[in-house]
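Taking it in order: structure first as structure tokens, then the write-up.
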Amino acid sequence: MPSRLAYLDWNATAPLRPEAVAAMTEALKRHGNPSSVHRFGREARRALEAARAQVAALVDAAPAEIVLTSGGTEANHLALRGLGDCRVMVSAIEHDSVRQAVPDAAMIPVTPQGVVDLVALDRMLAAERRPALVSLMLANNETGVIQPVAEAARIAHARGALLHCDAVQAAGKLPLDRARLGCDLMTLSAHKLGGPPGIGALVVAAEVQLTGIQSGGGQERGRRAGTENLPGIIGFGAASVAAAASLGDYAAVEALRDEAAHRLLAIAPDAVVHGASEPRLPNTLCLSMPGVPAATQVMALDLSGVMVSSGAACSSGKVRRSHVLDAMGVAPALAESAIRVSLGWSTSANEIDRLVEAWGTLYRRNRAHAA
Ligand SMILES: Cc1ncc(COP(=O)(O)O)c(C=O)c1O
């Protein structure tokens with residue numbers, strides 16, 4: 001019997017891949033600190049280094065370039081704060097863990113389509129006298145819009161700056177090659193690609209001098225102190241292998257996403273898909289139902305068993321409009337009615353049917369009331 005629930009919030013977190021569950025279950029049965037010199041310690045070290053190599057392979061990096069962290073947030077902070085005195089420039093659509101890592105960072109504007117403005121970036125870099133670090137995500141977590149990271153890296157390098165890329169949402173959904181993209185630093189997070197939450201990595205090109213932002217036991221070659229979360233790291237490694245092997249699944253995910261958008265727009269011709277004209281992640285749909293607050297849509301869908309996110313974030317009980325849609329110049333009323341639907345490798349046609357039915361019912365009810 002088809003499930004009555006539809007999980008369409010994969011950009012928030014993805015379910016654990018069976019490969020990660022199996023690897024972590026084994027890892028939890030063992031103990032041993034990778035820094036210990038005895039037998040159990042050496043076994044733990046071997047397991048840690050094997051997992052590091054698996055994560056490195058996902059982005060075609062060398063294992064020595066991987067600094068394991070407690071997740072994407074920490075990796076972003078390490079990238080933006082670990083280079084010492086420099087001018088940080090971040091795109092206006094970055095995740096809060098980038099936007100808030102350096103309070104006085106300069107904001108690079110984006111176009112109305114949600115793509116970073118490279119002309120503005122070049123102008124900002126030209127006017128800067130200090131060494132600079134540019135932070136640009138590979139794909140936006142709300143709209144899915146893919147950013148011109150390779151071009152931004154070329155511009156940054158021509159002006160003597162470094163480039164950090166938050167690839168948290170792209171990893172596992174798109175093929176990734178850190179060096180080919182020209183990124184000096186790249187952030188990954190396990191739980192977006194089928195690994196456990198609370199583990200991530202900063203990929204640091206061999207020639208970049210990075211200083212840790214926390215001190216202690218000197219782990220990760222002094223770049224990230226703290227006893228390693230070995231079960232998490234092993235789960236991250238296993239998920240990375242599985243994600244790389246199943247990138248091809250995203251053609252079907254994209255077809256489902258596009259079918260969902262087509263059916264929703266057929267019901268609601270005044271609905272708006274944000275970033276639709278740009279290359280996007282194959283799984284993401286950011287959609288406004290004009291006049292109906294995002295929170296109302298999220299709650300109504302949840303009552304029907306359909307789980308999605310609102311484009312707006314909730315903090316201290318207050319709904320905050322999406323800074324991403326604001327930066328794109330989307331009218332406030334339209335931005336307040338935006339929800340994010342995100343699919344994954346196991347999303348079924350039945351889940352899309354449930355979404356269309358529940359969202360369509362809400363739309364028709366709302367428009368009947370308004371008439
Ligand atoms: C683009 C982006 N960067 C960073 C993060 C933070 O990653 P983590 O949850 O591993 O701290 C997220 C999580 O939503 C994200 O979407």
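Ordered as shown in the structure tokens, chains take letters A, B, and onward, while each chain numbers its residues from 1 and ligands are numbered from 1 in the order shown.
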Q) If you count only C-alpha atoms and all ligand atoms, which residues end up within 6 Å of ligand 1, as a ChimeraX atom specification? A) /A:12,71-73,95,141,166,168-169,189
Taking a cut-off of 12 Å and counting only C-alpha atoms, can you build a table that, for each residue of region 24-45 of chain A near region 50-63 of chain A, reports the nearest atom pair and how far apart they are in Å (one decimal), sorted by chain then residue number, as CSV?
residue,atom,partner,partner_atom,distance
A:Met24,CA,A:Ala51,CA,11.3
A:Ala27,CA,A:Ala51,CA,11.5
A:Glu43,CA,A:Ala50,CA,10.7
A:Ala44,CA,A:Ala50,CA,9.9
A:Arg45,CA,A:Ala50,CA,8.5
Closest atom pairs, residues of region 205-317 of chain A within 8 Å of region 338-349 of chain A, only C-alpha atoms, as JSON lines:
{"residue": "A:Asp249", "atom": "CA", "partner": "A:Trp345", "partner_atom": "CA", "distance": 6.2}
{"residue": "A:Tyr250", "atom": "CA", "partner": "A:Trp345", "partner_atom": "CA", "distance": 6.8}
{"residue": "A:Val253", "atom": "CA", "partner": "A:Trp345", "partner_atom": "CA", "distance": 6.5}
{"residue": "A:Leu256", "atom": "CA", "partner": "A:Ala349", "partner_atom": "CA", "distance": 7.0}
{"residue": "A:Arg257", "atom": "CA", "partner": "A:Leu343", "partner_atom": "CA", "distance": 7.2}
{"residue": "A:Asn283", "atom": "CA", "partner": "A:Leu343", "partner_atom": "CA", "distance": 4.9}
{"residue": "A:Thr284", "atom": "CA", "partner": "A:Ser342", "partner_atom": "CA", "distance": 4.6}
{"residue": "A:Leu285", "atom": "CA", "partner": "A:Val341", "partner_atom": "CA", "distance": 5.1}
{"residue": "A:Cys286", "atom": "CA", "partner": "A:Arg340", "partner_atom": "CA", "distance": 4.5}
{"residue": "A:Leu287", "atom": "CA", "partner": "A:Ala338", "partner_atom": "CA", "distance": 5.2}
{"residue": "A:Ser288", "atom": "CA", "partner": "A:Ala338", "partner_atom": "CA", "distance": 4.0}
{"residue": "A:Met289", "atom": "CA", "partner": "A:Ala338", "partner_atom": "CA", "distance": 6.7}
{"residue": "A:Pro293", "atom": "CA", "partner": "A:Ala338", "partner_atom": "CA", "distance": 7.6}
{"residue": "A:Ala294", "atom": "CA", "partner": "A:Ala338", "partner_atom": "CA", "distance": 5.4}
{"residue": "A:Gln297", "atom": "CA", "partner": "A:Ile339", "partner_atom": "CA", "distance": 7.6}
{"residue": "A:Val298", "atom": "CA", "partner": "A:Ile339", "partner_atom": "CA", "distance": 7.3}
{"residue": "A:Val308", "atom": "CA", "partner": "A:Val341", "partner_atom": "CA", "distance": 5.4}
{"residue": "A:Ser309", "atom": "CA", "partner": "A:Arg340", "partner_atom": "CA", "distance": 5.2}
{"residue": "A:Ser310", "atom": "CA", "partner": "A:Ile339", "partner_atom": "CA", "distance": 4.2}
{"residue": "A:Gly311", "atom": "CA", "partner": "A:Ile339", "partner_atom": "CA", "distance": 5.0}
{"residue": "A:Ala312", "atom": "CA", "partner": "A:Ala338", "partner_atom": "CA", "distance": 7.5}
Secondary structure check, strand (DSSP E) residues of region 273-358 of chain A, as an mmCIF file with N, CA, C and O atoms, in the first residue's frame:
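The result, written out as out04.cif:
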data_model
loop_
_atom_site.group_PDB
_atom_site.id
_atom_site.type_symbol
_atom_site.label_atom_id
_atom_site.label_comp_id
_atom_site.auth_asym_id
_atom_site.auth_seq_id
_atom_site.Cartn_x
_atom_site.Cartn_y
_atom_site.Cartn_z
ATOM 1 N N VAL A 273 7.545 30.106 -9.706
ATOM 2 C CA VAL A 273 8.704 29.282 -9.341
ATOM 3 C C VAL A 273 9.930 30.185 -9.364
ATOM 4 O O VAL A 273 10.251 30.787 -10.389
ATOM 5 N N THR A 284 15.193 20.543 -6.439
ATOM 6 C CA THR A 284 14.670 21.657 -5.629
ATOM 7 C C THR A 284 13.645 22.484 -6.394
ATOM 8 O O THR A 284 13.856 22.801 -7.572
ATOM 9 N N LEU A 285 12.577 22.848 -5.686
ATOM 10 C CA LEU A 285 11.517 23.673 -6.262
ATOM 11 C C LEU A 285 11.105 24.694 -5.204
ATOM 12 O O LEU A 285 10.647 24.331 -4.130
ATOM 13 N N CYS A 286 11.295 25.976 -5.529
ATOM 14 C CA CYS A 286 10.910 27.044 -4.602
ATOM 15 C C CYS A 286 9.730 27.759 -5.241
ATOM 16 O O CYS A 286 9.858 28.343 -6.318
ATOM 17 N N LEU A 287 8.583 27.691 -4.584
ATOM 18 C CA LEU A 287 7.319 28.030 -5.237
ATOM 19 C C LEU A 287 6.467 28.928 -4.346
ATOM 20 O O LEU A 287 6.284 28.636 -3.158
ATOM 21 N N SER A 288 5.945 30.011 -4.932
ATOM 22 C CA SER A 288 5.046 30.894 -4.174
ATOM 23 C C SER A 288 3.601 30.672 -4.591
ATOM 24 O O SER A 288 3.297 30.603 -5.787
ATOM 25 N N VAL A 306 2.212 15.772 4.094
ATOM 26 C CA VAL A 306 3.239 16.182 3.130
ATOM 27 C C VAL A 306 4.196 17.154 3.821
ATOM 28 O O VAL A 306 3.772 18.200 4.309
ATOM 29 N N MET A 307 5.476 16.783 3.858
ATOM 30 C CA MET A 307 6.449 17.580 4.615
ATOM 31 C C MET A 307 7.333 18.402 3.676
ATOM 32 O O MET A 307 8.063 17.840 2.862
ATOM 33 N N SER A 309 9.366 22.669 3.494
ATOM 34 C CA SER A 309 9.834 23.797 4.319
ATOM 35 C C SER A 309 9.270 25.092 3.775
ATOM 36 O O SER A 309 8.930 25.180 2.592
ATOM 37 N N SER A 310 9.269 26.100 4.641
ATOM 38 C CA SER A 310 8.935 27.424 4.123
ATOM 39 C C SER A 310 10.242 28.087 3.725
ATOM 40 O O SER A 310 11.293 27.805 4.287
ATOM 41 N N ALA A 313 12.635 31.558 7.387
ATOM 42 C CA ALA A 313 13.166 30.827 8.544
ATOM 43 C C ALA A 313 12.467 31.327 9.802
ATOM 44 O O ALA A 313 12.055 32.469 9.869
ATOM 45 N N CYS A 314 12.332 30.453 10.748
ATOM 46 C CA CYS A 314 11.685 30.807 12.008
ATOM 47 C C CYS A 314 12.746 31.033 13.061
ATOM 48 O O CYS A 314 13.559 30.160 13.293
ATOM 49 N N SER A 315 12.769 32.200 13.674
ATOM 50 C CA SER A 315 13.701 32.358 14.791
ATOM 51 C C SER A 315 12.958 33.048 15.912
ATOM 52 O O SER A 315 12.244 34.004 15.687
ATOM 53 N N LYS A 318 9.431 34.097 15.570
ATOM 54 C CA LYS A 318 9.051 35.071 14.529
ATOM 55 C C LYS A 318 9.418 34.508 13.170
ATOM 56 O O LYS A 318 10.500 33.975 12.982
ATOM 57 N N VAL A 319 8.515 34.653 12.218
ATOM 58 C CA VAL A 319 8.843 34.199 10.864
ATOM 59 C C VAL A 319 9.596 35.333 10.161
ATOM 60 O O VAL A 319 9.148 36.467 10.125
ATOM 61 N N ARG A 320 10.761 34.982 9.670
ATOM 62 C CA ARG A 320 11.623 35.961 9.010
ATOM 63 C C ARG A 320 11.554 35.677 7.509
ATOM 64 O O ARG A 320 11.653 34.532 7.097
ATOM 65 N N ALA A 338 6.417 31.813 -0.175
ATOM 66 C CA ALA A 338 7.262 30.819 -0.870
ATOM 67 C C ALA A 338 7.533 29.598 0.006
ATOM 68 O O ALA A 338 7.921 29.730 1.170
ATOM 69 N N ILE A 339 7.317 28.436 -0.562
ATOM 70 C CA ILE A 339 7.702 27.198 0.117
ATOM 71 C C ILE A 339 8.800 26.505 -0.688
ATOM 72 O O ILE A 339 8.961 26.769 -1.882
ATOM 73 N N ARG A 340 9.553 25.651 0.003
ATOM 74 C CA ARG A 340 10.593 24.877 -0.683
ATOM 75 C C ARG A 340 10.217 23.409 -0.654
ATOM 76 O O ARG A 340 10.005 22.829 0.409
ATOM 77 N N VAL A 341 10.129 22.846 -1.844
ATOM 78 C CA VAL A 341 9.866 21.412 -1.979
ATOM 79 C C VAL A 341 11.181 20.797 -2.439
ATOM 80 O O VAL A 341 11.755 21.235 -3.430
ATOM 81 N N SER A 342 11.702 19.812 -1.703
ATOM 82 C CA SER A 342 12.971 19.207 -2.145
ATOM 83 C C SER A 342 12.858 17.689 -2.094
ATOM 84 O O SER A 342 12.393 17.110 -1.128
#
Q.
Can you tell me which residues surround Gly144 (chain A) at a distance of at most 7 Å, considering only C-alpha atoms, apart from same-chain residues fewer than 4 positions away, and format the answer as a ChimeraX atom specification?
A. /A:139-140,280-281,284
Save out the residues we just selected, C-alpha atoms, as an mmCIF file, in the first residue's frame.
data_model
loop_
_atom_site.group_PDB
_atom_site.id
_atom_site.type_symbol
_atom_site.label_atom_id
_atom_site.label_comp_id
_atom_site.auth_asym_id
_atom_site.auth_seq_id
_atom_site.Cartn_x
_atom_site.Cartn_y
_atom_site.Cartn_z
ATOM 1 C CA ALA A 139 23.919 25.703 -5.231
ATOM 2 C CA ASN A 140 21.442 27.652 -3.177
ATOM 3 C CA ARG A 280 19.132 24.499 -10.713
ATOM 4 C CA LEU A 281 19.726 21.496 -8.513
ATOM 5 C CA THR A 284 14.670 21.657 -5.629
#
Q | Which residue of A:Asn366, A:Ser246, A:Gln214, A:Asn350 approaches Gly194 (chain A) most closely, using only C-alpha atoms | A |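 Ranking A:Asn366, A:Ser246, A:Gln214, A:Asn350 by distance to Gly194 (chain A), first place goes to A:Ser246.
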(Q) What does the structure give for the distance between CA of Gly198 (chain A) and CA of Phe236 (chain A), in Å to one decimal? (A) 9.9 Å
Q. Can you list, as a ChimeraX atom specification, every protein, DNA or RNA residue that comes within 12 Å of Ala179 (chain A) when you count only C-alpha atoms, leaving out same-chain residues fewer than 4 positions away?
A. /A:56,59-62,65,149-150,153-154,163-165,183-186,203-207
Using only C-alpha atoms, find each residue of region 167-215 of chain A with at least one atom at most 7 Å away from an atom of region 74-90 of chain A; report its shortest atom-to-atom pair and that distance in Å (one decimal), sort the rows by chain and rising residue number, and return the result as CSV.
residue,atom,partner,partner_atom,distance
A:Leu185,CA,A:Ala79,CA,6.7
A:Thr187,CA,A:Ala75,CA,5.8
A:Gly200,CA,A:Ala75,CA,6.9
A:Ala201,CA,A:Ala75,CA,6.0
A:Leu202,CA,A:Ala75,CA,5.1
A:Gln209,CA,A:Leu83,CA,6.9
A:Leu210,CA,A:Leu83,CA,5.3
A:Thr211,CA,A:Gly82,CA,4.9
A:Gly212,CA,A:Gly82,CA,5.9
A:Ile213,CA,A:Gly82,CA,6.1
Prev. selection, N, CA and C atoms, output as an mmCIF file, in the first residue's frame:
data_model
loop_
_atom_site.group_PDB
_atom_site.id
_atom_site.type_symbol
_atom_site.label_atom_id
_atom_site.label_comp_id
_atom_site.auth_asym_id
_atom_site.auth_seq_id
_atom_site.Cartn_x
_atom_site.Cartn_y
_atom_site.Cartn_z
ATOM 1 N N LEU A 185 38.961 26.398 -1.045
ATOM 2 C CA LEU A 185 38.348 25.764 0.130
ATOM 3 C C LEU A 185 36.924 25.347 -0.251
ATOM 4 N N THR A 187 33.242 23.417 1.415
ATOM 5 C CA THR A 187 32.527 22.848 2.569
ATOM 6 C C THR A 187 31.597 21.713 2.145
ATOM 7 N N GLY A 200 31.014 16.800 8.973
ATOM 8 C CA GLY A 200 31.217 17.474 7.696
ATOM 9 C C GLY A 200 32.699 17.592 7.435
ATOM 10 N N ALA A 201 33.031 18.359 6.420
ATOM 11 C CA ALA A 201 34.450 18.506 6.085
ATOM 12 C C ALA A 201 34.692 19.848 5.429
ATOM 13 N N LEU A 202 35.885 20.358 5.670
ATOM 14 C CA LEU A 202 36.378 21.472 4.871
ATOM 15 C C LEU A 202 37.503 20.907 4.005
ATOM 16 N N GLN A 209 47.247 27.948 3.438
ATOM 17 C CA GLN A 209 47.671 27.923 4.847
ATOM 18 C C GLN A 209 46.467 28.222 5.731
ATOM 19 N N LEU A 210 45.973 27.227 6.421
ATOM 20 C CA LEU A 210 44.787 27.415 7.265
ATOM 21 C C LEU A 210 45.173 27.177 8.724
ATOM 22 N N THR A 211 44.710 28.047 9.610
ATOM 23 C CA THR A 211 44.975 27.872 11.034
ATOM 24 C C THR A 211 43.669 27.469 11.704
ATOM 25 N N GLY A 212 43.742 26.493 12.593
ATOM 26 C CA GLY A 212 42.529 26.056 13.290
ATOM 27 C C GLY A 212 41.919 27.188 14.100
ATOM 28 N N ILE A 213 40.612 27.120 14.317
ATOM 29 C CA ILE A 213 39.970 28.162 15.132
ATOM 30 C C ILE A 213 39.653 27.638 16.528
#
Q. Nearest to Ile199 (chain A) among A:Ile352, A:Val67, A:Met107, A:Ala260, with distances taken over only C-alpha atoms: which residue is it?
A.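 The closest residue to Ile199 (chain A) is A:Val67.
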Q: Quick one: everything within 9 Å of region 266-271 of chain A, counting only C-alpha atoms, minus sequence neighbours fewer than 3 positions away in the same chain. Send it as a list in words.
A: Ala261, His262, Arg263, Leu287, Ser288, Met289, Pro290, Val356, Gly360, Tyr363 and Arg364 of chain A
Filtering to C-alpha atoms, could you give me those residues as a PDB file, in the first residue's frame?
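And here's selection31.pdb as it stands now:
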ATOM      1  CA  ALA A 261       6.074  21.970 -11.016  1.00  0.00           C
ATOM      2  CA  HIS A 262       4.087  21.443 -14.218  1.00  0.00           C
ATOM      3  CA  ARG A 263       1.088  20.007 -12.371  1.00  0.00           C
ATOM      4  CA  LEU A 287       7.319  28.030  -5.237  1.00  0.00           C
ATOM      5  CA  SER A 288       5.046  30.894  -4.174  1.00  0.00           C
ATOM      6  CA  MET A 289       1.287  30.630  -3.829  1.00  0.00           C
ATOM      7  CA  PRO A 290       0.506  34.360  -3.915  1.00  0.00           C
ATOM      8  CA  VAL A 356      -0.219  18.029  -5.848  1.00  0.00           C
ATOM      9  CA  GLY A 360      -4.078  22.000  -5.042  1.00  0.00           C
ATOM     10  CA  TYR A 363      -5.144  26.669  -3.492  1.00  0.00           C
ATOM     11  CA  ARG A 364      -8.708  26.004  -4.626  1.00  0.00           C
TER      12      ARG A 364
END
Q: Work out how far apart CA of Leu136 (chain A) and CA of Leu181 (chain A) are and give it in Å to one decimal.
A: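 It comes out at 11.7 Å.
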Q) Using only C-alpha atoms, which residues sit within 8 Å of Gln113 (chain A) once same-chain residues fewer than 3 positions away are excluded, as a list in words? A)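 Result of the neighbour search: Val110, His274, Gly275, Ala276, Ser277, Glu278 and Met328 of chain A.
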Kindly export the residues of the current selection with N, CA, C and O atoms, as a CSV table (one decimal), in the first residue's frame.
chain,number,residue,atom,x,y,z
A,110,VAL,N,23.2,39.7,-5.9
A,110,VAL,CA,22.8,38.7,-6.9
A,110,VAL,C,21.8,39.3,-7.9
A,110,VAL,O,21.2,40.3,-7.6
A,274,HIS,N,10.6,30.3,-8.2
A,274,HIS,CA,11.8,31.2,-8.1
A,274,HIS,C,13.0,30.5,-8.7
A,274,HIS,O,13.3,29.4,-8.4
A,275,GLY,N,13.7,31.3,-9.5
A,275,GLY,CA,15.0,30.8,-10.1
A,275,GLY,C,14.8,29.9,-11.3
A,275,GLY,O,15.7,29.2,-11.7
A,276,ALA,N,13.5,29.8,-11.8
A,276,ALA,CA,13.2,28.8,-12.8
A,276,ALA,C,14.0,28.9,-14.1
A,276,ALA,O,14.2,27.9,-14.8
A,277,SER,N,14.4,30.1,-14.4
A,277,SER,CA,15.1,30.3,-15.7
A,277,SER,C,16.6,29.9,-15.7
A,277,SER,O,17.3,30.0,-16.7
A,278,GLU,N,17.1,29.6,-14.5
A,278,GLU,CA,18.5,29.3,-14.3
A,278,GLU,C,18.7,27.8,-14.1
A,278,GLU,O,17.8,27.1,-13.7
A,328,MET,N,17.1,38.7,-4.2
A,328,MET,CA,16.8,38.6,-5.6
A,328,MET,C,15.8,39.7,-6.0
A,328,MET,O,15.4,39.8,-7.1
